[in-house]
$ cat model_0.txt   # compact mmCIF, C-alpha atoms and all ligand atoms
# COMPACT_ATOMS: atom_id res chain seq x y z
CA MET A 11 -15.09 -2.06 -16.79
CA ARG A 12 -16.34 -5.04 -14.86
CA HIS A 13 -13.99 -6.93 -12.57
CA THR A 14 -16.12 -7.80 -9.62
CA ASP A 15 -15.08 -9.19 -6.30
CA ALA A 16 -18.09 -10.44 -4.47
CA GLY A 17 -15.88 -11.81 -1.71
CA SER A 18 -13.55 -14.71 -2.22
CA GLY A 19 -13.27 -15.35 1.52
CA GLY A 20 -11.58 -18.71 2.01
CA MET A 21 -8.33 -19.58 3.73
CA GLU A 22 -5.93 -17.15 2.15
CA GLY A 23 -3.70 -16.75 5.18
CA GLY A 24 -0.90 -18.97 3.87
CA GLU A 25 0.45 -22.08 5.54
CA GLU A 26 2.16 -22.35 8.90
CA ILE A 27 5.82 -23.34 8.73
CA PRO A 28 6.04 -26.50 10.90
CA GLY A 29 7.66 -25.99 14.30
CA SER A 30 7.21 -22.21 14.23
CA ASP A 31 4.50 -19.57 14.48
CA VAL A 32 5.54 -18.22 11.09
CA ARG A 33 3.09 -18.27 8.19
CA LYS A 34 4.29 -18.40 4.60
CA VAL A 35 2.26 -16.94 1.74
CA ILE A 36 3.45 -17.33 -1.85
CA VAL A 37 2.90 -14.59 -4.42
CA ASP A 38 2.64 -16.91 -7.39
CA LEU A 39 4.06 -15.19 -10.48
CA GLY A 40 5.86 -18.02 -12.27
CA ALA A 41 9.56 -17.29 -12.44
CA SER A 42 9.04 -14.12 -10.37
CA SER A 43 7.22 -15.90 -7.52
CA TYR A 44 8.30 -15.03 -4.00
CA PRO A 45 7.51 -15.87 -0.39
CA VAL A 46 6.04 -13.52 2.19
CA LEU A 47 6.87 -14.68 5.72
CA VAL A 48 4.64 -13.38 8.50
CA GLY A 49 5.54 -13.80 12.17
CA LYS A 50 7.66 -12.62 15.08
CA GLY A 51 11.38 -12.37 14.37
CA VAL A 52 11.27 -13.17 10.64
CA ARG A 53 13.58 -10.24 9.83
CA SER A 54 16.42 -12.55 10.92
CA GLN A 55 15.89 -14.41 7.60
CA VAL A 56 17.24 -11.53 5.48
CA SER A 57 20.75 -12.90 5.00
CA THR A 58 19.55 -16.37 3.96
CA LEU A 59 16.90 -15.08 1.56
CA LEU A 60 19.26 -12.76 -0.34
CA SER A 61 20.77 -14.49 -3.38
CA GLU A 62 24.15 -16.05 -2.60
CA SER A 63 25.73 -14.00 -5.38
CA VAL A 64 24.87 -10.71 -3.62
CA LYS A 65 28.04 -9.19 -2.16
CA ARG A 66 26.88 -5.66 -1.29
CA VAL A 67 23.58 -4.45 0.05
CA ALA A 68 22.09 -0.98 0.21
CA VAL A 69 19.90 -0.99 3.32
CA ILE A 70 17.37 1.77 2.70
CA THR A 71 15.56 2.93 5.80
CA GLN A 72 14.14 6.13 7.23
CA ALA A 73 14.86 8.41 10.16
CA GLY A 74 13.07 7.11 13.25
CA ILE A 75 12.75 3.43 12.21
CA PRO A 76 14.02 1.59 15.27
CA TRP A 77 14.60 -1.78 13.54
CA GLY A 78 17.70 -3.12 11.85
CA VAL A 79 18.62 -6.26 9.90
CA GLU A 80 21.74 -8.43 9.56
CA THR A 81 22.59 -8.86 5.89
CA MET A 82 26.00 -10.60 6.39
CA ARG A 83 27.18 -8.62 3.36
CA GLU A 84 29.13 -5.43 2.80
CA GLU A 85 26.55 -2.78 3.67
CA LEU A 86 25.70 0.76 2.63
CA ARG A 87 23.05 2.39 4.85
CA ILE A 88 20.86 5.01 3.21
CA GLU A 89 18.58 6.96 5.53
CA LEU A 90 15.67 8.75 3.87
CA PRO A 91 14.22 11.99 5.21
CA PRO A 92 11.14 11.50 7.41
CA GLY A 93 7.59 11.33 6.11
CA GLU A 94 5.89 11.08 2.74
CA SER A 95 8.04 13.94 1.39
CA ALA A 96 10.84 11.35 0.98
CA LYS A 97 8.94 9.85 -1.97
CA ARG A 98 10.47 12.15 -4.56
CA LEU A 99 12.59 11.69 -7.68
CA ALA A 100 15.35 13.82 -6.14
CA VAL A 101 15.63 11.28 -3.31
CA VAL A 102 15.79 8.40 -5.82
CA GLU A 103 18.65 10.16 -7.61
CA ARG A 104 20.53 10.71 -4.35
CA ALA A 105 20.13 7.06 -3.30
CA CYS A 106 21.31 5.81 -6.71
CA SER A 107 24.33 8.15 -6.58
CA GLU A 108 25.31 6.82 -3.16
CA MET A 109 24.99 3.26 -4.44
CA ALA A 110 27.11 4.03 -7.48
CA LYS A 111 29.79 5.69 -5.33
CA ALA A 112 29.82 2.61 -3.08
CA GLY A 113 30.34 0.41 -6.14
CA LEU A 114 27.08 -1.57 -6.05
CA THR A 115 26.69 -3.58 -9.23
CA ARG A 116 23.85 -5.32 -11.03
CA ALA A 117 24.64 -8.39 -8.91
CA ASP A 118 24.00 -6.56 -5.62
CA ALA A 119 20.76 -5.83 -3.78
CA VAL A 120 18.58 -3.37 -1.92
CA VAL A 121 16.97 -4.23 1.41
CA ALA A 122 14.11 -1.90 2.41
CA VAL A 123 13.47 -1.59 6.15
CA GLY A 124 10.56 0.65 7.08
CA GLY A 125 7.02 1.67 6.24
CA GLY A 126 5.31 2.13 2.89
CA VAL A 127 7.31 5.25 2.00
CA VAL A 128 10.52 3.22 2.34
CA THR A 129 9.32 0.11 0.49
CA ASP A 130 7.78 2.24 -2.32
CA LEU A 131 10.92 4.31 -2.78
CA ALA A 132 13.46 1.50 -2.25
CA GLY A 133 11.52 -0.76 -4.63
CA PHE A 134 11.71 1.96 -7.29
CA VAL A 135 15.42 2.52 -6.66
CA ALA A 136 15.96 -1.24 -7.11
CA ALA A 137 13.82 -1.21 -10.28
CA VAL A 138 15.85 1.50 -11.99
CA TYR A 139 19.41 1.13 -10.60
CA HIS A 140 21.43 -0.60 -13.34
CA ARG A 141 18.03 -1.31 -14.96
CA GLY A 142 16.95 -3.45 -12.04
CA ILE A 143 18.57 -5.21 -9.10
CA GLU A 144 17.32 -7.56 -6.40
CA VAL A 145 15.18 -6.09 -3.61
CA LEU A 146 13.98 -7.59 -0.37
CA HIS A 147 11.36 -5.85 1.75
CA VAL A 148 11.21 -5.79 5.54
CA PRO A 149 8.03 -3.74 6.19
CA THR A 150 7.88 -2.47 9.76
CA THR A 151 4.43 -0.88 9.84
CA LEU A 152 1.01 -2.49 9.73
CA LEU A 153 0.14 -0.63 6.53
CA ALA A 154 3.30 -1.74 4.75
CA GLN A 155 2.85 -5.35 5.92
CA VAL A 156 -0.76 -5.71 4.77
CA ASP A 157 -0.38 -3.68 1.59
CA ALA A 158 2.53 -1.49 0.47
CA ALA A 159 5.31 -4.10 0.53
CA ILE A 160 3.31 -6.77 -1.31
CA GLY A 161 2.71 -6.73 -5.04
CA GLY A 162 5.64 -5.06 -6.76
CA LYS A 163 4.14 -1.63 -7.45
CA CYS A 164 6.65 0.99 -6.39
CA GLY A 165 7.26 4.64 -7.15
CA VAL A 166 7.30 8.24 -6.08
CA ASN A 167 4.98 11.26 -6.00
CA LEU A 168 4.92 14.38 -8.16
CA ASP A 169 3.45 17.73 -7.12
CA GLU A 170 0.64 16.81 -9.52
CA GLY A 171 -0.34 13.66 -7.63
CA LYS A 172 0.58 10.53 -5.70
CA ASN A 173 2.57 7.65 -7.21
CA LEU A 174 2.54 9.15 -10.71
CA VAL A 175 6.05 7.84 -11.49
CA GLY A 176 6.78 4.21 -10.78
CA ALA A 177 7.33 0.64 -11.89
CA PHE A 178 6.27 -2.93 -11.27
CA TRP A 179 9.27 -4.61 -9.63
CA GLN A 180 8.70 -7.77 -7.66
CA PRO A 181 10.85 -8.37 -4.57
CA LYS A 182 12.88 -11.53 -3.88
CA ALA A 183 11.00 -11.96 -0.60
CA VAL A 184 8.98 -9.96 1.93
CA LEU A 185 9.52 -10.41 5.67
CA CYS A 186 6.56 -9.15 7.72
CA ASP A 187 8.07 -9.23 11.18
CA THR A 188 5.11 -8.67 13.48
CA GLU A 189 7.50 -7.93 16.37
CA THR A 190 8.07 -4.55 14.71
CA LEU A 191 4.38 -3.70 15.15
CA SER A 192 4.75 -3.63 18.94
CA SER A 193 6.44 -0.21 18.83
CA LEU A 194 4.02 1.46 16.41
CA PRO A 195 2.47 4.75 17.51
CA GLU A 196 -1.35 4.95 17.47
CA CYS A 197 -1.36 6.98 14.23
CA GLU A 198 0.51 4.18 12.46
CA GLN A 199 -1.87 1.54 13.86
CA LEU A 200 -4.73 3.62 12.44
CA ASN A 201 -3.01 3.79 9.08
CA GLY A 202 -2.79 0.02 8.84
CA ARG A 203 -6.36 -0.41 9.99
CA GLY A 204 -7.50 1.82 7.08
CA GLU A 205 -6.14 -0.69 4.58
CA MET A 206 -7.48 -3.59 6.64
CA ALA A 207 -10.94 -2.00 6.49
CA LYS A 208 -10.68 -2.05 2.70
CA TYR A 209 -10.03 -5.80 2.77
CA ALA A 210 -13.17 -6.26 4.85
CA PHE A 211 -15.22 -5.05 1.85
CA LEU A 212 -13.27 -7.15 -0.64
CA GLY A 213 -14.08 -10.48 0.94
CA VAL A 214 -11.54 -11.05 3.74
CA PRO A 215 -13.54 -12.60 6.60
CA ASN A 216 -14.22 -10.57 9.75
CA LEU A 217 -10.89 -10.33 11.55
CA ALA A 218 -12.24 -9.00 14.87
CA GLY A 219 -10.76 -10.99 17.75
CA VAL A 220 -8.22 -12.80 15.53
CA PRO A 221 -4.54 -12.54 16.72
CA LEU A 222 -2.63 -9.79 14.91
CA ASP A 223 -0.20 -12.18 13.17
CA GLN A 224 -3.12 -14.01 11.61
CA GLN A 225 -4.87 -10.77 10.64
CA VAL A 226 -1.73 -9.69 8.79
CA ALA A 227 -1.34 -13.12 7.14
CA GLN A 228 -4.98 -13.11 6.06
CA CYS A 229 -4.69 -9.67 4.40
CA VAL A 230 -1.34 -10.63 2.81
CA GLY A 231 -2.91 -13.85 1.56
CA HIS A 232 -5.78 -11.98 -0.07
CA LYS A 233 -3.47 -9.50 -1.75
CA ALA A 234 -1.11 -12.29 -2.87
CA ALA A 235 -4.01 -14.17 -4.47
CA VAL A 236 -5.16 -11.06 -6.34
CA VAL A 237 -1.63 -10.08 -7.49
CA SER A 238 -0.93 -13.69 -8.56
CA GLU A 239 -3.97 -13.51 -10.82
CA ASP A 240 -3.34 -10.01 -12.17
CA GLU A 241 0.22 -8.75 -11.68
CA ARG A 242 -0.11 -5.60 -13.83
CA GLU A 243 -3.52 -4.37 -12.68
CA GLY A 244 -5.31 -5.19 -15.91
CA GLY A 245 -8.33 -6.63 -14.10
CA ARG A 246 -9.19 -7.80 -10.58
CA ARG A 247 -6.19 -6.11 -9.00
CA ALA A 248 -7.70 -2.67 -9.66
CA LEU A 249 -10.28 -3.51 -6.97
CA LEU A 250 -7.55 -3.19 -4.35
CA ASN A 251 -7.88 0.55 -5.03
CA TYR A 252 -11.24 0.58 -3.25
CA GLY A 253 -11.45 3.92 -1.41
CA HIS A 254 -8.22 5.13 -3.01
CA THR A 255 -9.41 7.65 -5.63
CA LEU A 256 -10.53 10.11 -2.98
CA ALA A 257 -7.74 9.01 -0.61
CA HIS A 258 -5.02 9.94 -3.08
CA ALA A 259 -6.69 13.27 -3.83
CA ILE A 260 -6.91 14.29 -0.18
CA GLU A 261 -3.36 13.09 0.50
CA ALA A 262 -2.08 15.16 -2.44
CA GLN A 263 -3.93 18.21 -1.08
CA ALA A 264 -2.41 17.60 2.35
CA LEU A 265 1.10 17.62 0.84
CA HIS A 266 0.26 20.68 -1.24
CA HIS A 267 -1.16 22.69 1.68
CA GLY A 268 1.41 21.59 4.28
CA ASN A 269 -1.04 19.37 6.19
CA THR A 270 -0.59 15.73 7.09
CA ILE A 271 -2.91 12.75 6.84
CA GLY A 272 -2.02 9.08 7.07
CA HIS A 273 -2.69 6.98 3.97
CA GLY A 274 -4.91 4.55 5.88
CA GLU A 275 -6.94 7.39 7.39
CA ALA A 276 -7.40 8.86 3.90
CA VAL A 277 -8.49 5.43 2.65
CA ALA A 278 -11.06 5.23 5.45
CA VAL A 279 -12.59 8.56 4.38
CA GLY A 280 -12.41 7.32 0.77
CA LEU A 281 -14.32 4.15 1.68
CA HIS A 282 -17.09 6.21 3.30
CA PHE A 283 -17.25 8.42 0.21
CA ALA A 284 -17.33 5.40 -2.13
CA ALA A 285 -20.28 3.93 -0.24
CA LEU A 286 -22.13 7.29 -0.39
CA LEU A 287 -21.42 7.64 -4.12
CA ALA A 288 -22.52 4.07 -4.86
CA THR A 289 -25.75 4.72 -2.95
CA ARG A 290 -26.34 8.02 -4.73
CA MET A 291 -25.88 6.22 -8.08
CA GLY A 292 -28.45 3.61 -7.04
CA ARG A 293 -25.88 0.80 -7.14
CA VAL A 294 -26.50 -0.22 -3.51
CA GLY A 295 -28.98 0.69 -0.82
CA PRO A 296 -28.32 3.12 2.06
CA GLU A 297 -27.71 0.16 4.41
CA GLU A 298 -24.33 -0.24 2.68
CA VAL A 299 -23.29 3.20 3.99
CA GLU A 300 -24.30 2.05 7.49
CA LYS A 301 -22.21 -1.12 7.08
CA HIS A 302 -19.19 0.90 5.99
CA LEU A 303 -19.59 3.32 8.90
CA ALA A 304 -19.91 0.40 11.34
CA VAL A 305 -16.65 -1.22 10.14
CA LEU A 306 -14.78 2.10 10.12
CA ASP A 307 -16.12 3.01 13.55
CA ARG A 308 -15.17 -0.40 15.02
CA LEU A 309 -11.62 0.17 13.79
CA GLY A 310 -11.54 3.72 15.21
CA LEU A 311 -11.07 5.25 11.76
CA PRO A 312 -12.10 8.74 10.57
CA THR A 313 -15.01 9.15 8.15
CA ALA A 314 -15.20 12.96 7.75
CA LEU A 315 -13.37 14.99 5.11
CA PRO A 316 -10.33 16.81 6.52
CA GLY A 317 -10.95 20.55 6.91
CA TYR A 318 -8.35 21.53 4.26
CA VAL A 319 -10.10 19.64 1.47
CA GLU A 320 -11.47 21.85 -1.32
CA VAL A 321 -14.01 20.21 -3.61
CA GLY A 322 -12.78 21.82 -6.86
CA GLU A 323 -9.17 20.87 -6.15
CA THR A 324 -10.25 17.35 -5.19
CA LEU A 325 -11.88 16.91 -8.60
CA GLU A 326 -8.69 18.09 -10.33
CA TYR A 327 -6.56 15.56 -8.44
CA MET A 328 -9.10 12.80 -9.11
CA ALA A 329 -8.98 13.57 -12.83
CA ARG A 330 -5.19 13.07 -12.76
CA ASP A 331 -5.46 9.73 -10.92
CA LYS A 332 -3.80 6.83 -12.81
CA LYS A 333 -7.13 5.00 -12.91
CA ALA A 334 -8.84 7.95 -14.60
CA VAL A 335 -8.37 6.94 -18.25
CA ASP A 336 -12.03 7.48 -19.11
CA GLY A 337 -13.32 10.31 -16.92
CA LEU A 338 -13.51 10.13 -13.13
CA THR A 339 -13.02 6.52 -12.13
CA PHE A 340 -13.82 4.77 -8.86
CA VAL A 341 -14.05 1.29 -7.44
CA LEU A 342 -17.68 1.07 -6.35
CA MET A 343 -19.95 -1.54 -4.86
CA GLY A 344 -22.77 -2.98 -6.88
CA ASP A 345 -25.04 -6.00 -6.85
CA SER A 346 -22.17 -8.42 -7.31
CA GLY A 347 -19.50 -6.82 -5.18
CA CYS A 348 -16.97 -4.15 -6.13
CA GLU A 349 -16.18 -3.13 -9.69
CA VAL A 350 -14.34 -0.37 -11.52
CA VAL A 351 -16.73 2.36 -12.70
CA SER A 352 -15.51 5.01 -15.17
CA GLY A 353 -17.05 8.22 -16.48
CA VAL A 354 -18.70 9.26 -13.21
CA SER A 355 -20.22 12.75 -13.42
CA PRO A 356 -18.01 15.41 -11.75
CA ASP A 357 -21.16 17.24 -10.60
CA LEU A 358 -22.36 14.15 -8.80
CA VAL A 359 -18.96 13.61 -7.19
CA ALA A 360 -18.95 17.25 -6.05
CA GLU A 361 -22.46 16.88 -4.63
CA VAL A 362 -21.50 13.77 -2.63
CA LEU A 363 -18.32 15.44 -1.34
CA GLN A 364 -20.35 18.48 -0.26
CA SER A 365 -22.79 16.23 1.60
CA MET A 366 -20.01 14.70 3.73
CA PRO A 367 -19.22 15.89 7.23
CA THR A 368 -16.00 17.89 7.58
CA ALA A 369 -13.53 17.34 10.42
CA LEU A 370 -12.80 20.46 12.47
N1 LIG B 1 3.56 -2.36 -3.59
C1 LIG B 1 2.18 -2.23 -3.51
C2 LIG B 1 1.46 -2.95 -4.57
O1 LIG B 1 2.05 -3.55 -5.44
O2 LIG B 1 0.24 -2.95 -4.57
$ encode --input "model_0.txt" --output "structure tokens" --more "lines below"
Ligand code: GLY
Amino acid sequence: MRHTDAGSGGMEGGEEIPGSDVRKVIVDLGASSYPVLVGKGVRSQVSTLLSESVKRVAVITQAGIPWGVETMREELRIELPPGESAKRLAVVERACSEMAKAGLTRADAVVAVGGGVVTDLAGFVAAVYHRGIEVLHVPTTLLAQVDAAIGGKCGVNLDEGKNLVGAFWQPKAVLCDTETLSSLPECEQLNGRGEMAKYAFLGVPNLAGVPLDQQVAQCVGHKAAVVSEDEREGGRRALLNYGHTLAHAIEAQALHHGNTIGHGEAVAVGLHFAALLATRMGRVGPEEVEKHLAVLDRLGLPTALPGYVEVGETLEYMARDKKAVDGLTFVLMGDSGCEVVSGVSPDLVAEVLQSMPTAL
């Protein structure tokens, strides 16, 4: 498969709303188009961006999220259990039951307030409740603002792998309130930086020294442009999975073995691995590995495999990855940027994994 992205660069950071520091990016999907607002305080726009016909709102959030929203509607608050373990079908069922008991109808809405776990799960709840109701995302972590809340993919995990059950369900709007980033713990900053590192290899210009609001807007703008071109991941959008085949496998192993790893940290390790694999396959020279390590190092991201990772198990999870329709499949760099490469030899993948340093 060949959908290359040699680096579109350009001004993808949206336009500034006059008289404010807020930037507006449009995800352009015809009748399903929606705005993403990026800036301090934009969560105050929730009540005006919900459709006027919405009378009741399920605000789905998670234990420990210190941010709230004013919906100016009758409200049901649903608090998810902490961590990635909330992304389960049993939690979807519980949320839908609570919404049904509270009398939410097809004309009502979900507002997701939290990180990627919340926006993924709440988006899926909105996609399936009464066969689909309005959803508005208020991502409160860097990772959710630059990635998880944008694009409409939502879903939950199975024991067999990450995000194996899900839907495409576009939100009514996304409000990336950068004020919420001020309270993020270091591990969450790292998580977001893992996804930002990915964008660096997909053509987003160097963001070092750029104010955080603009960094977020630039990443959102790149993702919006890709999703606008390819909503259902039939082509260019698959490149946004750069670093993710290994990342999902090591995250699934973490869940399975009772360990924890942030998604962005797993993506960082996955980016290092992808550069090593591409070099080993003769697609790029060894200087590309150095470039990857330099970006990851500048962002303070890990590059070594977590100690709990077992090579054989990693290959099993990779084979179950949604991208793996034709053997092991990775997004890899080549002469003309990144592309999707299928049918990679498991022996070669194992060899590259074994060559990587392991974190203590
Ligand atoms: N919600 C994440 C995506 O659509 O990529």
$ axis_aligned_box --input "model_0.txt" --around "ligand LIG 1 (chain B)" --padding-each-side "8 Å" --output "JSON"
{"center_x": 1.9, "center_y": -2.9, "center_z": -4.5, "size_x": 19.3, "size_y": 17.3, "size_z": 17.9}
$ closest_atom_pairs --input "model_0.txt" --of "segment 96-151 of chain A" --to "segment 199-217 of chain A" --cutoff "12 Å" --atoms "only C-alpha atoms" --output "CSV"
residue,atom,partner,partner_atom,distance
A:Gly125,CA,A:Gly202,CA,10.3
A:Gly126,CA,A:Gly202,CA,10.3
A:Pro149,CA,A:Gly202,CA,11.8
A:Thr150,CA,A:Gly202,CA,11.0
A:Thr151,CA,A:Gly202,CA,7.3
$ closest_residue --input "model_0.txt" --among "A:Arg33, A:His254, A:Arg83, A:Arg116" --to "ligand LIG 1 (chain B)" --atoms "all atoms listed in the file"
A:His254
$ residues_near_ligand --input "model_0.txt" --ligand "ligand LIG 1 (chain B)" --cutoff "9 Å" --atoms "all atoms listed in the file" --output "list in words"
Gly126, Thr129, Asp130, Gly133, Ala154, Asp157, Ala158, Ala159, Ile160, Gly161, Gly162, Lys163, Cys164, Gly165, Phe178, Trp179, Gln180, Lys233, Val237, Glu241, Arg242, Arg247, Leu250 and Asn251 of chain A
$ residues_near_point --input "model_0.txt" --point "(-13.0, 16.4, 10.2)" --cutoff "9 Å" --atoms "only C-alpha atoms" --output "NGL selection string"
:A and (312-317 or 367-370)
$ atom_distance --input "model_0.txt" --atom1 "atom CA of Ser43 of chain A" --atom2 "atom CA of Glu85 of chain A"
25.9 Å
$ atom_distance --input "model_0.txt" --atom1 "atom CA of Glu25 of chain A" --atom2 "atom CA of Val56 of chain A"
19.8 Å
$ atom_distance --input "model_0.txt" --atom1 "atom CA of Val359 of chain A" --atom2 "atom CA of Leu325 of chain A"
7.9 Å
$ residues_around --input "model_0.txt" --residues "Val101 of chain A" --least-positions-apart "2" --cutoff "10 Å" --atoms "all atoms listed in the file" --output "ChimeraX atom specification"
/A:90-91,95-99,103-107,131,135,166
$ residues_around --input "model_0.txt" --residues "Leu342 of chain A" --least-positions-apart "6" --cutoff "8 Å" --atoms "only C-alpha atoms" --output "list in words"
Tyr252, Ala284, Ala285, Leu287, Ala288, Cys348, Glu349, Val350 and Val351 of chain A
$ closest_residue --input "model_0.txt" --among "A:Val279, A:Ala137, A:Leu303, A:Val67" --to "Thr115 of chain A" --atoms "all atoms listed in the file"
A:Val67
$ residues_near_point --input "model_0.txt" --point "(15.1, -12.5, 11.2)" --cutoff "12 Å" --atoms "only C-alpha atoms" --output "list of chain:residue names"
A:Val32, A:Leu47, A:Val48, A:Gly49, A:Lys50, A:Gly51, A:Val52, A:Arg53, A:Ser54, A:Gln55, A:Val56, A:Ser57, A:Thr58, A:Leu59, A:Trp77, A:Gly78, A:Val79, A:Glu80, A:Thr81, A:Val148, A:Val184, A:Leu185, A:Cys186, A:Asp187, A:Thr188, A:Glu189, A:Thr190
